Amino acid sequence: MESYTKNLKQFWSLYKRNHAAVIGLLLVLFYVAVAAAAPILAPIDPFTTGPSSFAPPSDQFPMGTDDLGRDIYSGVLHGARISLSIGFIAATISYLVGVIVGAFSGYYGGKVDDILMRITEAFQVIPVLVLALVIITLFQPTLWNIAFTIGILAWPGTARLVRAEFLSLKQQEFVEAARSIGYSNMKIVFQEILPNAIPPAIVNTSLQVANAILLEAGLGFLGLSDPNVMSWGFLLRNAQRFLRHGWWLSVFPGVSISLVVIGLNLVGDGLNDALNPRLKQR
Amino acid sequence: MPRELWGYIAKRALEAIPLFFFIIIVSFTLVHLAPGDPVVRMIGEGVSISPELYNKVRAEMGLDRPIYEQLLAYLQKVIQGDLGFSYFYNQPVANLIAERLLATLLLMFTAMSISSVIGILLGVVSSQKPYSKTDNFFTTLSLVGYSLPLFWTGQIFILVFAIGLGLLPAQGFVSLRTTLFGFDYVIDVLSHLVLPASTYALYSLALMTRLTRASMLETLRKDFILTARSKGLADRTVIFRHGLRNALLPVVTIMGINFGFMLAGSVLVETVFSWPGLGRLLYDAITGRDYTTVMGMLIIISTMVIISNLIVDIAYAYIDPRISHR
């Protein structure tokens with residue numbers, strides 16, 4: 001445990017050298033806080049209609065109102081909850097599937113590897129956005145369907161990464177040692193190799209959350225968002241219909257998505273640099 | 001072309017065939033797994049269905065036959081180029097797609113050529129002094145570039161350049177209510193092309209810059225670069241003749257993958273700009289719950305991605321003969 005905190009400290013000192021990555025982390029934390037506190041910061045339900053439609057930003061409506069007089073500020077804050085939740089759930093699902101496929105593929109090799117990698121390739125061919133559109137149109141856009149679909153389509157990248165790690169790790173001495181004292185394959189895969197294969201996959205995860213948020217926004221923009229909850233994609237779909245009536249309908253939700261995604265991508269880059277410090281020291 | 005290359009092309013082409021079948025099977029499975037009546041689904045929920053039409057489509061789908069026979073019949077139809085009939089548009093889906101293909105390709109190739117040239121150039125500039133001010137500037141800029149939602153960039157372009165400044169048309173392919181010919185027509189289409197192509201190009205430019213930079217850094221570290229430098233060759237020769245030529249190999253692969261992303265992204269960009277291409281067709285089909293067209297589009301778009309990957313693989317082997325010997 002002590003060495004674990006020491007490693008973490010060392011990692012942080014490497015990470016914070018990259019100022020952009022620190023800014024990214026702050027951006028992400030800011031939005032997580034906003035999402036958590038949305039009901040307090042914006043007590044009005046984002047679907048509540050009001051008498052003043054297309055009101056520009058003012059003290060009463062910091063981000064203006066839309067065609068039905070709904071408060072955009074409230075929409076953006078409550079939308080953060082949905083977008084971030086979908087991002088994290090989808091990334092978790094894709095992470096789990098990717099790790100399992102990658103681990104078995106890399107560890108067992110041979111036929112198992114051939115078959116699993118063929119499936120992975122096949123999944124990489126179909127553009128994720130198009131397949132997600134088809135699935136969600138067929139199965140109805142509920143929150144869970146959206147998160148699950150994005151997660152189940154985004155795993156091939158993780159699988160390839162984890163597989164590559166397993167291929168090199170399984171030949172090392174500690175695996176040989178574990179085998180010689182009679183550990184089962186399952187125990188070797190999950191207890192011995194996996195903890196070592198996780199860091200590279202973690203970097204990928206922050207990018208996956210970013211992609212999932214972008215994908216959710218895109219689906220919402222095309223009309224495939226859960227009608228019962230407010231999301232950023234929904235706000236931008238509405239903005240598209242009324243571009244000529246008010247810039248604020250588009251600008252505020254769009255800036256929010258962009259900042260979160262920029263933050264997550266910066267964090268991804270920072271983690272990558274901190275894990276491979278030699279690239280930067282040259 | 002050398003013989004090994006032909007062998008390699010044949011091998012890659014054979015490997016692409018199972019992928020094609022996989023896509024057809026996926027789309028068949030989805031239609032049959034989804035809740036609701038598949039007959040109503042294939043006709044489309046936006047169409048009023050007479051009992052005659054219902055029975056006709058039901059018979060065509062062969063729903064009372066065993067499932068594997070249905071799948072075989074479906075495979076056979078798709079391979080013959082029959083993607084079904086859209087009752088929503090009252091046209092065969094293959095015709096609908098053929099009509100829209102040109103607009104999408106025009107948009108994508110315009111954007112890809114602009115972004116490839118500028119992106120590769122910026123990537124080379126960035127890689128010259130890694131982690132310098134210039135490099136950090138371009139690296140951050142490109143990160144921002146691919147973090148922005150594609151369709152939102154489009155909305156902002158419309159707000160600024162079309163609605164705000166009134167410089168360019170906001171939407172469509174040509175101006176409505178005018179009949180232009182020859183040169184005037186071309187100019188009109190081009191003015192409509194500027195905003196959607198820039199939206200696309202911004203995104204792909206960011207990716208190209210980042211990838212070229214990474215690839216250049218990798219290449220410039222190699223021994224043959226050191227050799228070239230120690231021979232006393234000019235910096236420019238080393239960077240472009242020796243460095244970039246090798247660094248471009250992975251970039252070519254990425255351009256192929258990028259093609260798939262952009263094709264999928266066309267549904268977003270073309271919706272923002274009402275560009276009458278494949279993406280807009282997919283959007284309209286989804287909005288109208290016209291599943292026959294949606295499925296046809298899934299198959300066509302995936303097939304285009306498979307073919308573009310194949311072309312990239314072959315180009316790669318042509319540029320780098322070592323590949324076909326593996």
# chains A, B, ... in the order shown; residues from 1 in each chain; ligands from 1
call {"tool": "interface_residues", "arguments": {"of": "chain A", "to": "chain B", "cutoff": "9 Å", "atoms": "only C-alpha atoms", "output": "PyMOL selection string"}}
result
chain A and resi 20+118+121-122+125-131+133-135+137-139+210-211+214-215+217-219+221-223+236+239-240+243-244+247+250-251+254-255+257-262+265-266+280
call {"tool": "select_by_dssp", "arguments": {"residues": "region 19-242 of chain B", "states": "strand (DSSP E or B)", "output": "ChimeraX atom specification"}}
result
/B:85-86,91-92
call {"tool": "atom_distance", "arguments": {"atom1": "CA of Leu278 (chain B)", "atom2": "CA of Tyr89 (chain B)"}}
result
14.3 Å
call {"tool": "select_by_dssp", "arguments": {"residues": "region 17-203 of chain A", "states": "helix (DSSP H, G or I)", "output": "PyMOL selection string"}}
result
chain A and resi 19-41+72-108+110-125+128-139+143-153+156-169+173-180+185-203
call {"tool": "atom_distance", "arguments": {"atom1": "CA of Phe11 (chain A)", "atom2": "CA of Pro199 (chain A)"}}
result
11.6 Å
call {"tool": "residues_around", "arguments": {"residues": "Pro253 (chain A)", "least_positions_apart": "5", "cutoff": "10 Å", "atoms": "only C-alpha atoms", "output": "list in words"}}
result
Met63, Ile72, Tyr73, Gly75, Val76, Leu77, Gly79, Ala80, Ala217, Ser231, Trp232, Gly233, Phe234, Leu235, Leu236, Ala239, Trp248 and Ser258 of chain A; Trp152 of chain B
call {"tool": "write_last_selection", "arguments": {"atoms": "C-alpha atoms", "output": "PDB file, in the first residue's frame"}}
result
ATOM      1  CA  MET A  63     -28.046  31.736 -21.154  1.00  0.00           C
ATOM      2  CA  ILE A  72     -31.144  27.220 -21.477  1.00  0.00           C
ATOM      3  CA  TYR A  73     -28.959  27.610 -18.367  1.00  0.00           C
ATOM      4  CA  GLY A  75     -30.870  22.795 -19.742  1.00  0.00           C
ATOM      5  CA  VAL A  76     -27.082  23.027 -19.978  1.00  0.00           C
ATOM      6  CA  LEU A  77     -26.588  22.164 -16.292  1.00  0.00           C
ATOM      7  CA  GLY A  79     -27.714  18.160 -19.595  1.00  0.00           C
ATOM      8  CA  ALA A  80     -24.260  17.852 -18.043  1.00  0.00           C
ATOM      9  CA  ALA A 217     -24.497  14.630 -28.566  1.00  0.00           C
ATOM     10  CA  SER A 231     -29.307  16.356 -22.873  1.00  0.00           C
ATOM     11  CA  TRP A 232     -26.844  18.534 -24.744  1.00  0.00           C
ATOM     12  CA  GLY A 233     -27.676  16.812 -28.004  1.00  0.00           C
ATOM     13  CA  PHE A 234     -31.353  17.669 -27.550  1.00  0.00           C
ATOM     14  CA  LEU A 235     -30.488  21.347 -26.951  1.00  0.00           C
ATOM     15  CA  LEU A 236     -28.416  21.511 -30.126  1.00  0.00           C
ATOM     16  CA  ALA A 239     -30.930  25.167 -31.776  1.00  0.00           C
ATOM     17  CA  TRP A 248     -27.494  31.512 -27.579  1.00  0.00           C
ATOM     18  CA  SER A 258     -16.434  21.223 -26.392  1.00  0.00           C
TER      19      SER A 258
ATOM     20  CA  TRP B 152     -21.772  22.319 -33.727  1.00  0.00           C
TER      21      TRP B 152
END
call {"tool": "closest_residue", "arguments": {"among": "B:Pro66, B:Ile314, B:Phe88, B:Lys11", "to": "Ile49 (chain B)", "atoms": "only C-alpha atoms"}}
result
B:Phe88
call {"tool": "atom_distance", "arguments": {"atom1": "CA of Ser85 (chain A)", "atom2": "CA of Ala38 (chain A)"}}
result
13.2 Å
